[in-house]
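Participant: Handing over work22.csv, CSV, C-alpha atoms and all ligand atoms.
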chain,number,residue,atom,x,y,z
A,2,MET,CA,-21.7,18.6,-20.6
A,3,ILE,CA,-18.7,16.9,-19.4
A,4,ALA,CA,-16.7,18.2,-16.4
A,5,ALA,CA,-13.2,19.5,-17.0
A,6,LEU,CA,-11.8,16.8,-14.8
A,7,MET,CA,-11.9,13.4,-16.5
A,8,PRO,CA,-14.8,11.3,-15.2
A,9,ASN,CA,-12.5,8.3,-14.3
A,10,TYR,CA,-13.2,8.4,-10.5
A,11,ASN,CA,-16.4,8.1,-8.4
A,12,ARG,CA,-15.9,11.0,-6.1
A,13,ALA,CA,-17.9,11.8,-3.0
A,14,ASP,CA,-19.3,15.3,-3.1
A,15,ILE,CA,-17.0,16.6,-0.4
A,16,ALA,CA,-14.0,19.0,-0.7
A,17,PHE,CA,-11.6,19.2,2.2
A,18,SER,CA,-10.0,22.5,3.1
A,19,HIS,CA,-7.5,21.5,5.9
A,20,GLY,CA,-6.7,19.0,8.4
A,21,ALA,CA,-5.0,18.5,11.8
A,22,GLY,CA,-3.7,15.1,12.9
A,23,ALA,CA,-6.2,12.4,12.2
A,24,TRP,CA,-9.0,15.0,11.6
A,25,ILE,CA,-9.9,16.6,8.3
A,26,PHE,CA,-12.3,19.5,7.7
A,27,ALA,CA,-14.6,20.0,4.7
A,28,GLU,CA,-15.3,23.4,3.1
A,29,ASP,CA,-18.8,23.3,4.6
A,30,GLY,CA,-17.3,23.1,8.1
A,31,ARG,CA,-18.0,19.4,8.8
A,32,ARG,CA,-15.2,17.5,10.5
A,33,TYR,CA,-14.2,13.9,9.7
A,34,LEU,CA,-12.0,11.4,11.5
A,35,ASP,CA,-9.7,10.2,8.7
A,36,PHE,CA,-9.4,6.4,8.9
A,37,GLY,CA,-8.7,6.3,5.2
A,38,ALA,CA,-5.6,8.5,5.2
A,39,GLY,CA,-5.9,9.2,1.4
A,40,ILE,CA,-5.8,5.5,0.8
A,41,ALA,CA,-3.1,4.5,3.4
A,42,THR,CA,-0.9,7.5,2.3
A,43,SER,CA,-1.2,10.4,4.7
A,44,SER,CA,1.0,8.4,7.2
A,45,LEU,CA,1.6,11.3,9.5
A,46,GLY,CA,-1.9,12.6,9.3
A,47,HIS,CA,-2.6,16.2,8.3
A,48,GLY,CA,-0.6,19.3,9.1
A,49,HIS,CA,2.2,17.4,10.8
A,50,LYS,CA,4.6,20.2,11.7
A,51,HIS,CA,7.8,18.3,11.1
A,52,LEU,CA,6.7,17.2,7.6
A,53,VAL,CA,5.2,20.6,6.7
A,54,ARG,CA,8.4,22.4,7.7
A,55,ALA,CA,10.6,20.0,5.8
A,56,ILE,CA,8.6,20.4,2.6
A,57,ALA,CA,8.4,24.2,3.0
A,58,GLU,CA,12.1,24.7,3.7
A,59,GLN,CA,13.2,22.4,0.9
A,60,ALA,CA,10.7,24.1,-1.5
A,61,ALA,CA,12.3,27.5,-0.7
A,62,ARG,CA,15.8,26.2,-1.4
A,63,VAL,CA,15.4,24.1,-4.5
A,64,ILE,CA,12.5,21.9,-5.8
A,65,HIS,CA,13.9,20.1,-8.7
A,66,VAL,CA,17.4,19.5,-10.2
A,67,SER,CA,16.9,16.2,-12.2
A,68,ASN,CA,19.0,13.0,-12.0
A,69,LEU,CA,21.8,14.6,-14.1
A,70,TYR,CA,23.3,15.6,-10.7
A,71,ARG,CA,23.7,14.3,-7.2
A,72,VAL,CA,20.7,14.7,-4.9
A,73,PRO,CA,22.0,14.7,-1.3
A,74,GLN,CA,18.4,14.4,0.0
A,75,ALA,CA,18.0,11.1,-2.0
A,76,GLU,CA,21.4,9.8,-1.0
A,77,ALA,CA,20.5,10.4,2.7
A,78,LEU,CA,17.1,8.8,2.4
A,79,ALA,CA,18.5,5.7,0.5
A,80,ALA,CA,21.2,5.3,3.1
A,81,ARG,CA,18.6,5.3,5.9
A,82,LEU,CA,16.2,2.9,4.1
A,83,THR,CA,19.0,0.4,3.4
A,84,ALA,CA,20.3,0.7,7.0
A,85,ALA,CA,16.8,-0.1,8.3
A,86,SER,CA,15.9,-2.9,5.8
A,87,PHE,CA,17.2,-5.9,3.9
A,88,ALA,CA,18.1,-3.7,0.9
A,89,ASP,CA,21.5,-2.7,-0.4
A,90,SER,CA,20.3,0.1,-2.6
A,91,VAL,CA,17.2,2.1,-3.5
A,92,PHE,CA,15.7,3.6,-6.7
A,93,PHE,CA,13.3,6.4,-6.2
A,94,CYS,CA,10.3,7.1,-8.4
A,95,ASN,CA,6.8,8.7,-8.0
A,96,SER,CA,4.0,6.1,-7.7
A,97,GLY,CA,3.3,2.6,-6.7
A,98,ALA,CA,2.7,1.4,-10.2
A,99,GLU,CA,5.9,3.0,-11.3
A,100,ALA,CA,7.8,1.3,-8.4
A,101,ASN,CA,6.3,-2.1,-9.5
A,102,GLU,CA,7.3,-1.5,-13.1
A,103,GLY,CA,10.9,-0.9,-11.9
A,104,LEU,CA,10.7,-4.0,-9.7
A,105,VAL,CA,9.7,-6.2,-12.7
A,106,LYS,CA,12.2,-4.6,-15.0
A,107,ALA,CA,15.0,-5.2,-12.4
A,108,MET,CA,13.8,-8.8,-11.9
A,109,ARG,CA,14.0,-9.5,-15.7
A,110,ARG,CA,17.3,-7.6,-16.1
A,111,THR,CA,18.9,-9.6,-13.2
A,112,HIS,CA,18.3,-12.9,-15.1
A,113,TYR,CA,19.5,-11.3,-18.3
A,114,GLU,CA,22.7,-10.2,-16.7
A,115,GLU,CA,23.1,-13.7,-15.2
A,116,GLY,CA,22.8,-15.3,-18.7
A,117,HIS,CA,19.1,-16.2,-18.6
A,118,PRO,CA,17.3,-13.7,-20.8
A,119,GLU,CA,14.5,-16.2,-21.2
A,120,ARG,CA,13.5,-15.7,-17.5
A,121,THR,CA,10.9,-13.0,-17.9
A,122,GLU,CA,7.8,-14.3,-16.3
A,123,VAL,CA,6.5,-13.2,-12.9
A,124,ILE,CA,4.1,-15.2,-10.9
A,125,CYS,CA,1.4,-13.0,-9.3
A,126,PHE,CA,-1.7,-13.8,-7.3
A,127,GLU,CA,-5.4,-13.7,-7.8
A,128,GLY,CA,-6.9,-10.7,-5.9
A,129,ALA,CA,-3.6,-8.7,-6.2
A,130,PHE,CA,-3.3,-5.0,-7.0
A,131,HIS,CA,-0.1,-3.7,-8.5
A,132,GLY,CA,-1.3,-0.4,-10.2
A,133,ARG,CA,-2.8,0.9,-13.3
A,134,THR,CA,0.0,1.1,-16.0
A,135,LEU,CA,-0.3,-1.2,-19.0
A,136,ALA,CA,2.1,-3.7,-17.5
A,137,MET,CA,0.7,-3.5,-13.9
A,138,ILE,CA,-2.9,-4.0,-14.9
A,139,SER,CA,-1.6,-7.2,-16.5
A,140,ALA,CA,0.3,-8.1,-13.2
A,141,THR,CA,-2.9,-7.3,-11.3
A,142,GLY,CA,-4.8,-9.6,-13.7
A,143,ASN,CA,-8.2,-8.3,-12.7
A,144,ALA,CA,-10.4,-8.6,-15.8
A,145,LYS,CA,-12.3,-5.4,-14.9
A,146,TYR,CA,-9.0,-3.4,-15.0
A,147,LEU,CA,-7.9,-5.0,-18.3
A,148,GLU,CA,-11.1,-4.5,-20.2
A,149,GLY,CA,-10.8,-2.3,-23.2
A,150,PHE,CA,-7.1,-1.8,-23.0
A,151,GLY,CA,-6.0,-4.3,-25.6
A,152,THR,CA,-3.8,-7.3,-25.4
A,153,PRO,CA,-2.5,-7.8,-21.8
A,154,VAL,CA,1.3,-7.3,-21.5
A,155,PRO,CA,2.8,-10.8,-21.5
A,156,GLY,CA,4.9,-12.2,-18.7
A,157,PHE,CA,2.5,-12.5,-15.8
A,158,ALA,CA,1.0,-15.7,-14.5
A,159,HIS,CA,-1.7,-15.8,-11.8
A,160,VAL,CA,-2.3,-18.4,-9.1
A,161,PRO,CA,-4.6,-18.3,-6.0
A,162,TYR,CA,-3.3,-16.4,-3.0
A,163,ASN,CA,-1.9,-18.5,-0.2
A,164,ASP,CA,-1.7,-21.6,-2.4
A,165,LEU,CA,1.8,-22.9,-2.3
A,166,GLU,CA,1.1,-26.0,-4.5
A,167,ALA,CA,-0.3,-23.7,-7.2
A,168,VAL,CA,2.9,-21.6,-7.0
A,169,ARG,CA,5.1,-24.6,-7.4
A,170,ALA,CA,3.1,-25.9,-10.3
A,171,ALA,CA,3.3,-22.5,-12.1
A,172,ILE,CA,7.1,-22.3,-12.1
A,173,THR,CA,8.7,-22.9,-15.5
A,174,PRO,CA,12.2,-22.4,-17.0
A,175,ARG,CA,10.9,-18.9,-18.0
A,176,THR,CA,10.0,-17.8,-14.5
A,177,ALA,CA,11.9,-14.7,-13.3
A,178,GLY,CA,10.3,-14.4,-9.9
A,179,ILE,CA,7.2,-14.0,-7.7
A,180,LEU,CA,5.4,-10.8,-6.9
A,181,VAL,CA,3.3,-10.8,-3.7
A,182,GLU,CA,1.6,-8.4,-1.3
A,183,PRO,CA,2.1,-9.4,2.4
A,184,VAL,CA,-1.5,-8.2,2.9
A,185,GLN,CA,-3.7,-7.9,-0.2
A,186,GLY,CA,-4.9,-4.3,0.3
A,187,GLU,CA,-7.2,-3.4,-2.6
A,188,GLY,CA,-8.1,-7.1,-2.9
A,189,GLY,CA,-9.9,-7.0,0.5
A,190,VAL,CA,-7.3,-6.6,3.3
A,191,ARG,CA,-6.4,-10.3,3.0
A,192,PRO,CA,-3.2,-11.2,5.0
A,193,ALA,CA,-0.8,-13.9,3.8
A,194,ALA,CA,-1.3,-17.1,5.7
A,195,PRO,CA,1.2,-17.8,8.4
A,196,GLY,CA,4.3,-19.3,6.8
A,197,PHE,CA,3.3,-18.4,3.3
A,198,LEU,CA,6.0,-15.7,2.7
A,199,ALA,CA,8.7,-17.9,4.2
A,200,ALA,CA,7.6,-20.8,2.0
A,201,LEU,CA,7.8,-18.5,-1.1
A,202,ARG,CA,11.3,-17.5,0.0
A,203,GLN,CA,12.3,-21.1,0.1
A,204,ILE,CA,10.7,-21.9,-3.3
A,205,CYS,CA,12.5,-18.9,-4.8
A,206,ASP,CA,15.8,-20.2,-3.4
A,207,GLU,CA,15.2,-23.7,-4.7
A,208,HIS,CA,14.6,-22.4,-8.3
A,209,ASN,CA,17.1,-19.5,-8.2
A,210,ILE,CA,14.3,-17.0,-8.9
A,211,LEU,CA,13.6,-13.7,-7.2
A,212,LEU,CA,11.1,-12.9,-4.5
A,213,GLY,CA,9.5,-9.5,-5.0
A,214,ILE,CA,7.2,-8.0,-2.4
A,215,ASP,CA,4.8,-5.2,-3.2
A,216,GLU,CA,4.8,-3.2,0.0
A,217,VAL,CA,3.2,-0.1,-1.6
A,218,GLN,CA,0.4,-0.3,0.9
A,219,THR,CA,1.9,-2.4,3.7
A,220,GLY,CA,5.3,-0.7,3.9
A,221,MET,CA,6.6,2.3,5.7
A,222,GLY,CA,5.4,1.3,9.1
A,223,ARG,CA,1.8,0.6,8.3
A,224,THR,CA,1.8,-2.9,10.0
A,225,GLY,CA,4.1,-2.0,12.9
A,226,LYS,CA,7.4,-2.9,11.1
A,227,LEU,CA,9.0,-0.7,8.6
A,228,PHE,CA,8.1,-3.4,6.0
A,229,ALA,CA,5.4,-6.1,6.6
A,230,HIS,CA,7.6,-8.9,5.3
A,231,GLU,CA,9.7,-8.5,8.4
A,232,TRP,CA,6.9,-10.2,10.4
A,233,ALA,CA,7.7,-13.3,8.4
A,234,GLY,CA,11.4,-13.1,9.2
A,235,ILE,CA,12.4,-13.3,5.6
A,236,LYS,CA,14.7,-11.3,3.3
A,237,PRO,CA,13.2,-10.6,-0.1
A,238,ASP,CA,15.2,-9.8,-3.2
A,239,ILE,CA,13.3,-6.7,-4.2
A,240,VAL,CA,10.5,-4.6,-2.7
A,241,SER,CA,8.3,-1.7,-3.9
A,242,ALA,CA,7.2,1.0,-1.6
A,243,ALA,CA,5.0,4.1,-2.2
A,244,LYS,CA,1.8,5.4,-0.5
A,245,GLY,CA,2.9,6.3,3.0
A,246,ILE,CA,6.6,6.9,2.2
A,247,GLY,CA,6.2,10.6,1.5
A,248,GLY,CA,3.4,11.2,4.0
A,249,GLY,CA,1.2,12.3,1.0
A,250,PHE,CA,3.9,13.9,-1.1
A,251,PRO,CA,4.4,11.8,-4.2
A,252,LEU,CA,7.3,9.5,-3.7
A,253,ALA,CA,7.9,5.8,-4.3
A,254,ALA,CA,10.9,3.4,-4.1
A,255,VAL,CA,12.3,0.2,-5.3
A,256,LEU,CA,14.5,-1.4,-2.7
A,257,ALA,CA,16.8,-4.2,-3.8
A,258,SER,CA,19.4,-6.6,-2.6
A,259,GLU,CA,22.8,-6.6,-4.3
A,260,ARG,CA,22.0,-9.4,-6.6
A,261,VAL,CA,19.3,-7.4,-8.2
A,262,ASP,CA,20.5,-3.8,-7.9
A,263,THR,CA,23.7,-4.2,-9.8
A,264,SER,CA,21.6,-5.2,-12.9
A,265,LEU,CA,20.3,-1.7,-13.3
A,266,LYS,CA,23.4,-0.1,-14.9
A,267,PRO,CA,23.4,3.5,-16.1
A,268,GLY,CA,20.9,3.9,-19.0
A,269,THR,CA,18.7,0.9,-18.1
A,270,HIS,CA,16.1,2.7,-16.1
A,271,GLY,CA,15.1,6.2,-15.1
A,272,THR,CA,12.6,8.9,-14.4
A,273,THR,CA,12.7,12.7,-14.5
A,274,TYR,CA,11.0,13.5,-11.2
A,275,GLY,CA,12.0,10.5,-9.3
A,276,GLY,CA,14.1,11.0,-6.1
A,277,GLY,CA,14.1,14.8,-6.4
A,278,PRO,CA,15.1,17.1,-3.5
A,279,LEU,CA,11.5,18.0,-2.5
A,280,ALA,CA,10.1,14.5,-2.5
A,281,CYS,CA,13.1,13.1,-0.6
A,282,ALA,CA,12.9,15.9,2.0
A,283,ALA,CA,9.3,14.7,2.6
A,284,GLY,CA,10.5,11.1,2.7
A,285,ASN,CA,13.3,11.9,5.2
A,286,ALA,CA,10.8,13.8,7.4
A,287,VAL,CA,8.5,10.8,7.4
A,288,LEU,CA,11.3,8.5,8.3
A,289,ASP,CA,12.4,10.8,11.2
A,290,ILE,CA,9.0,10.0,12.7
A,291,VAL,CA,8.5,6.4,11.7
A,292,LEU,CA,12.0,5.3,12.8
A,293,GLY,CA,11.9,7.5,15.9
A,294,GLU,CA,12.4,5.8,19.3
A,295,GLY,CA,9.4,3.7,20.2
A,296,PHE,CA,7.2,4.8,17.3
A,297,LEU,CA,6.6,1.4,15.8
A,298,ALA,CA,6.2,-0.3,19.2
A,299,GLN,CA,3.6,2.3,20.1
A,300,LEU,CA,1.9,1.8,16.8
A,301,THR,CA,1.7,-2.0,17.4
A,302,ASP,CA,0.1,-1.4,20.7
A,303,THR,CA,-2.5,1.0,19.1
A,304,ALA,CA,-3.1,-1.5,16.4
A,305,ALA,CA,-3.8,-4.3,18.9
A,306,TYR,CA,-6.2,-2.0,20.7
A,307,LEU,CA,-7.9,-1.2,17.4
A,308,ARG,CA,-8.1,-4.9,16.4
A,309,ALA,CA,-9.6,-5.9,19.8
A,310,ALA,CA,-12.2,-3.1,19.5
A,311,LEU,CA,-13.1,-4.1,15.9
A,312,GLU,CA,-13.6,-7.7,17.1
A,313,ARG,CA,-16.0,-6.5,19.7
A,314,LEU,CA,-17.7,-4.2,17.1
A,315,VAL,CA,-18.3,-7.3,14.9
A,316,ALA,CA,-19.7,-9.2,17.8
A,317,ARG,CA,-22.2,-6.3,18.5
A,318,HIS,CA,-23.3,-6.0,14.8
A,319,PRO,CA,-23.0,-9.5,13.2
A,320,ASP,CA,-25.8,-8.6,10.8
A,321,ILE,CA,-23.7,-5.7,9.4
A,322,PHE,CA,-20.0,-6.8,9.9
A,323,THR,CA,-19.1,-10.4,9.8
A,324,ALA,CA,-15.4,-10.5,10.3
A,325,VAL,CA,-12.3,-8.4,10.8
A,326,ARG,CA,-8.9,-9.1,9.2
A,327,GLY,CA,-5.6,-7.4,8.5
A,328,LEU,CA,-2.3,-6.5,10.1
A,329,GLY,CA,-1.3,-3.5,12.2
A,330,LEU,CA,-3.1,-0.3,11.1
A,331,LEU,CA,-4.4,-1.9,8.0
A,332,GLN,CA,-7.7,-3.6,9.0
A,333,GLY,CA,-10.7,-4.7,7.0
A,334,LEU,CA,-14.3,-5.3,8.1
A,335,LYS,CA,-16.0,-7.9,6.0
A,336,CYS,CA,-19.5,-6.5,5.4
A,337,ALA,CA,-22.9,-8.2,5.3
A,338,VAL,CA,-24.3,-5.2,3.4
A,339,PRO,CA,-22.7,-3.8,0.2
A,340,ASN,CA,-19.4,-2.2,1.3
A,341,GLY,CA,-20.1,0.9,-0.8
A,342,GLN,CA,-23.2,1.5,1.4
A,343,ALA,CA,-21.1,0.9,4.5
A,344,GLN,CA,-18.5,3.4,3.3
A,345,ALA,CA,-21.2,6.0,2.6
A,346,ALA,CA,-22.9,5.4,6.0
A,347,ALA,CA,-19.5,5.8,7.8
A,348,LEU,CA,-19.0,9.1,5.9
A,349,SER,CA,-22.4,10.3,7.1
A,350,ALA,CA,-21.2,9.4,10.6
A,351,GLY,CA,-18.1,11.5,10.1
A,352,LEU,CA,-15.6,8.7,9.5
A,353,LEU,CA,-13.5,8.3,6.4
A,354,THR,CA,-12.9,4.7,5.3
A,355,VAL,CA,-12.0,3.1,2.0
A,356,ALA,CA,-13.9,0.3,0.3
A,357,ALA,CA,-11.8,-2.7,-0.8
A,358,GLY,CA,-12.4,-5.9,-2.8
A,359,ASP,CA,-14.3,-8.9,-1.4
A,360,ASN,CA,-16.9,-6.6,0.1
A,361,VAL,CA,-14.6,-5.2,2.7
A,362,LEU,CA,-14.5,-1.9,4.4
A,363,ARG,CA,-10.9,-0.9,4.9
A,364,LEU,CA,-9.5,1.1,7.8
A,365,ALA,CA,-6.0,2.6,7.2
A,366,PRO,CA,-5.7,5.5,9.7
A,367,PRO,CA,-2.7,7.7,9.9
A,368,LEU,CA,0.2,6.0,11.8
A,369,ILE,CA,0.1,8.8,14.4
A,370,ILE,CA,-3.2,7.8,15.9
A,371,GLY,CA,-3.7,6.7,19.5
A,372,THR,CA,-6.4,5.0,21.5
A,373,VAL,CA,-8.5,8.2,21.7
A,374,GLU,CA,-8.9,8.2,17.9
A,375,VAL,CA,-9.6,4.5,18.0
A,376,ASP,CA,-12.4,5.0,20.5
A,377,GLU,CA,-13.8,7.8,18.4
A,378,ALA,CA,-13.7,5.7,15.3
A,379,ILE,CA,-15.5,2.8,17.0
A,380,THR,CA,-18.2,5.1,18.2
A,381,ARG,CA,-18.7,6.2,14.6
A,382,LEU,CA,-18.7,2.6,13.4
A,383,ASP,CA,-21.4,1.8,15.9
A,384,GLU,CA,-23.4,4.7,14.5
A,385,THR,CA,-22.6,3.4,11.0
A,386,ALA,CA,-23.9,-0.1,11.8
A,387,ALA,CA,-27.1,1.3,13.4
A,388,ALA,CA,-27.8,3.4,10.3
A,389,LEU,CA,-27.2,0.5,8.0
A,390,ARG,CA,-29.4,-1.7,10.1
A,391,ALA,CA,-32.2,0.9,10.0
A,392,ALA,CA,-31.8,1.2,6.2
A,393,LYS,CA,-31.9,-2.6,5.9
A,394,THR,CA,-35.0,-2.9,8.1
A,395,ASN,CA,-36.7,-0.2,6.0
A,396,SER,CA,-36.0,-1.8,2.7
A,397,GLU,CA,-37.1,-5.2,4.0
A,398,ALA,CA,-40.3,-3.7,5.3
A,399,ASN,CA,-40.9,-2.0,1.9
A,400,ALA,CA,-40.2,-5.3,0.1
A,401,ALA,CA,-42.7,-7.2,2.3
B,1,LIG,C1,-1.9,1.5,-4.4
B,1,LIG,C2,-1.2,0.3,-4.7
B,1,LIG,C3,-0.4,0.3,-5.9
B,1,LIG,C4,-0.4,1.4,-7.0
B,1,LIG,O1,0.1,2.6,-6.5
B,1,LIG,P1,-0.1,3.9,-7.3
B,1,LIG,O2,0.6,4.9,-6.5
B,1,LIG,O3,-1.6,4.2,-7.3
B,1,LIG,O4,0.4,3.7,-8.7
B,1,LIG,C5,0.4,-0.8,-6.1
B,1,LIG,N1,0.4,-1.9,-5.3
B,1,LIG,C6,-0.3,-1.8,-4.1
B,1,LIG,C7,-0.2,-3.0,-3.2
B,1,LIG,C8,-1.1,-0.7,-3.8
B,1,LIG,O5,-1.8,-0.7,-2.7
How does the structure come out when it is put into structure tokens?
Ligand SMILES: *Cc1c(COP(=O)(O)O)cnc(C)c1O
Facilitator:
Amino acid sequence: MIAALMPNYNRADIAFSHGAGAWIFAEDGRRYLDFGAGIATSSLGHGHKHLVRAIAEQAARVIHVSNLYRVPQAEALAARLTAASFADSVFFCNSGAEANEGLVKAMRRTHYEEGHPERTEVICFEGAFHGRTLAMISATGNAKYLEGFGTPVPGFAHVPYNDLEAVRAAITPRTAGILVEPVQGEGGVRPAAPGFLAALRQICDEHNILLGIDEVQTGMGRTGKLFAHEWAGIKPDIVSAAKGIGGGFPLAAVLASERVDTSLKPGTHGTTYGGGPLACAAGNAVLDIVLGEGFLAQLTDTAAYLRAALERLVARHPDIFTAVRGLGLLQGLKCAVPNGQAQAAALSAGLLTVAAGDNVLRLAPPLIIGTVEVDEAITRLDETAAALRAAKTNSEANAA
């Protein structure tokens, strides 16, 4: 018999009942340190009083009004996001894939408005992840995600990540822009090479095409800046954000510079839920914390402490973990054992992590952690490595 929930996920057999800070508790009473944060989403951890109160108070007033009317919570959030970023205006929606759809539509529409309707193609990168809608599996380009879903949506080219020559060679008169993650999250926590984003900016300027940055995973403070592209010192034309932006409440955004945002005239794009009062109340509460005095500087210190501790972890267990890479509080451990096994062993050690591509174990803790939580995570990763080593030794003994 099939379960009532569709079987499209491989779920661990754990149900969580409640959480506090970076800790989350299962129904059976076990306690876990959450270094997955619901896939880089629960940015303020669990039970954050300011976020909980903002959501509860807004829910009691009004949950939904539609975009037929003004939404002051959205106006406030957009004003704060534009003041804190490159962007001149913001479109709100509900998921990362939807934000990327809006981003690609805005790119195409910009060229259309500028008299170049033929510029529809977006250059994407091998190893990317942009979401699961029909167009975004095509932007992602991973054969596994495309299989069985018909002809890929046209208009996406793929070149190797961090390969500027390949980007240059892929540009044609039909190119609308480039879509890039500052760190490929799902693809294995692979950061852009130094200078890569700045060079993409330059290429876009040379060809009058648009630089789009998918900050669904890297944005909203995850790397120590509000947006990861800030580390490269560049101004993109358009950016997508989601995951951490609502602290776990569904919310996403497309942030655009004036050149792009004026292309989306009334009637060109929309969503029923997007930018509603409740989601934007959550978004404003998250921003209160993330843009609070000293928060991102503190996060950067914690991230450096985590990174150094992970490097020592790799040095202690080179037979299990072979490298660490990432940016800020998005770090990946390259595994010498299957990363699914590493994720399961970490779970047994009471640590939530997320497997990523390229056999990487991803760590994306809530942004509110400090060195105490880092130390605790490292203890559990040491246990994880010991358990994996014991299992490896056992299976090698059995094979011999
Ligand atoms: C998770 C993710 C997406 C898709 O977001 P959804 O909310 O699952 O649609 C897109 N891009 C990146 C970089 C992501 O990490």
Participant: Report the closest atom pair, with its distance in Å rounded to one decimal, for each residue of stretch 9-77 of chain A that has an atom no farther than 7 Å from stretch 359-379 of chain A; count only C-alpha atoms, sort by chain and then rising residue number, and write it as JSON lines.
Facilitator:
{"residue": "A:Ala23", "atom": "CA", "partner": "A:Pro367", "partner_atom": "CA", "distance": 6.3}
{"residue": "A:Asp35", "atom": "CA", "partner": "A:Pro366", "partner_atom": "CA", "distance": 6.3}
{"residue": "A:Phe36", "atom": "CA", "partner": "A:Pro366", "partner_atom": "CA", "distance": 3.9}
{"residue": "A:Gly37", "atom": "CA", "partner": "A:Ala365", "partner_atom": "CA", "distance": 5.0}
{"residue": "A:Ala38", "atom": "CA", "partner": "A:Pro366", "partner_atom": "CA", "distance": 5.4}
{"residue": "A:Ala41", "atom": "CA", "partner": "A:Ala365", "partner_atom": "CA", "distance": 5.1}
{"residue": "A:Ser43", "atom": "CA", "partner": "A:Pro367", "partner_atom": "CA", "distance": 6.0}
{"residue": "A:Ser44", "atom": "CA", "partner": "A:Pro367", "partner_atom": "CA", "distance": 4.6}
{"residue": "A:Leu45", "atom": "CA", "partner": "A:Pro367", "partner_atom": "CA", "distance": 5.6}
{"residue": "A:Gly46", "atom": "CA", "partner": "A:Pro367", "partner_atom": "CA", "distance": 5.0}
Participant: 8 Å from ligand LIG 1 (chain B) is the threshold here; counting only C-alpha atoms and all ligand atoms, which polymer residues fall inside it? Answer as JSON, numbers by chain.
Facilitator: {"A": [40, 95, 96, 97, 98, 99, 100, 101, 129, 130, 131, 132, 133, 134, 182, 185, 186, 187, 215, 216, 217, 218, 219, 243, 244, 253]}
Participant: Show me a table, sorted first by chain and then by increasing residue number, of the residues of stretch 276-352 of chain A having an atom at most 12 Å from stretch 90-94 of chain A, each with its shortest atom pair and the distance in Å to one decimal, counting all atoms listed in the file and written as a Markdown table.
Facilitator:
| residue | atom | partner | partner_atom | distance |
| --- | --- | --- | --- | --- |
| A:Gly276 | CA | A:Phe93 | CA | 4.7 |
| A:Gly277 | CA | A:Phe93 | CA | 8.4 |
| A:Pro278 | CA | A:Phe93 | CA | 11.2 |
| A:Ala280 | CA | A:Phe93 | CA | 9.5 |
| A:Cys281 | CA | A:Phe93 | CA | 8.7 |
| A:Gly284 | CA | A:Phe93 | CA | 10.4 |
Participant: Rounded to one decimal place, report the atom CA of A:Gly220-atom CA of A:Ala136 distance in Å.
Facilitator: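 Computed distance, atom CA of A:Gly220 to atom CA of A:Ala136, equals 21.8 Å.
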Participant: Rounded to one decimal, what separation in Å do you get between atom CA of A:Glu148 and atom CA of A:Cys125?
Facilitator: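 Computing the Euclidean distance for atom CA of A:Glu148 and atom CA of A:Cys125 yields 18.6 Å.
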Participant: Give me the residues within 10 Å of A:Glu114 as a PyMOL selection string, counting all atoms listed in the file and dropping any in the same chain fewer than 6 places off.
Facilitator: chain A and resi 261+263-265
Participant: Calculate how many Å separate atom CA of A:Ala170 from atom CA of A:Leu328, rounding to one decimal.
Facilitator: 28.7 Å
Participant: At a cut-off of 9 Å, using only C-alpha atoms, what residues contact A:Ala350? Leave out same-chain residues fewer than 4 positions from it and give the result as a list in words.
Facilitator: Tyr33, Ala345, Ala346, Arg381, Leu382, Glu384, Thr385 and Ala388 of chain A
Participant: Could you tell me which of A:Ala337, A:Ala356, A:Ala27, A:Ile56 comes closest to A:Val287 if we count all atoms listed in the file?
Facilitator: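 Answer, going by the shortest atom-to-atom distance: A:Ile56.
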Participant: Counting all atoms listed in the file, figure out which residue out of A:Arg223, A:Arg12, A:Lys106, A:His49 gets nearest to A:Asp262.
Facilitator: A:Lys106
Participant: With only C-alpha atoms as the counted atoms, please give the residues lying no more than 9 Å from A:Ala324, apart from itself and same-chain residues fewer than 4 positions off, as an MDAnalysis selection string.
Facilitator: chainID A and resid 311:312 315:316 319 333:336
Participant: Would you mind telling me which residue in A:Leu34, A:Ala283, A:Val181, A:Leu104 lies nearest to A:Phe250 when using only C-alpha atoms?
Facilitator: A:Ala283
Participant: When distances are computed from all atoms listed in the file, which of A:Ala85, A:Ala60, A:Leu147, A:Leu201 shows the smallest separation from A:Gly293?
Facilitator: A:Ala85
Participant: Could you check which of A:Ile235, A:Val355, A:Ala400, A:Ala386 is closest to A:Val338, using all atoms listed in the file?
Facilitator: A:Ala386
Participant: Which of these, A:Ala347, A:Leu180, A:Ala57, A:Ala88, has the shortest distance to A:Glu127 once you count all atoms listed in the file?
Facilitator: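 Comparing A:Ala347, A:Leu180, A:Ala57, A:Ala88 against A:Glu127, the winner is A:Leu180.
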Participant: Need the shell around A:Gly196: protein/DNA/RNA residues with any atom at most 10 Å away, counting all atoms listed in the file. Skip same-chain ones fewer than 4 positions apart. Format as a list in words?
Facilitator: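 The residues that qualify are Asn163, Ala200, Leu201, Arg202, Ala233 and Gly234 of chain A.
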Participant: Got a sec: who's within 10 Å of stretch 70-73 of chain A, counting all atoms listed in the file, leaving out chain neighbours fewer than 2 positions off, as a PyMOL selection string?
Facilitator: chain A and resi 65-68+75-79+276-278+281-282
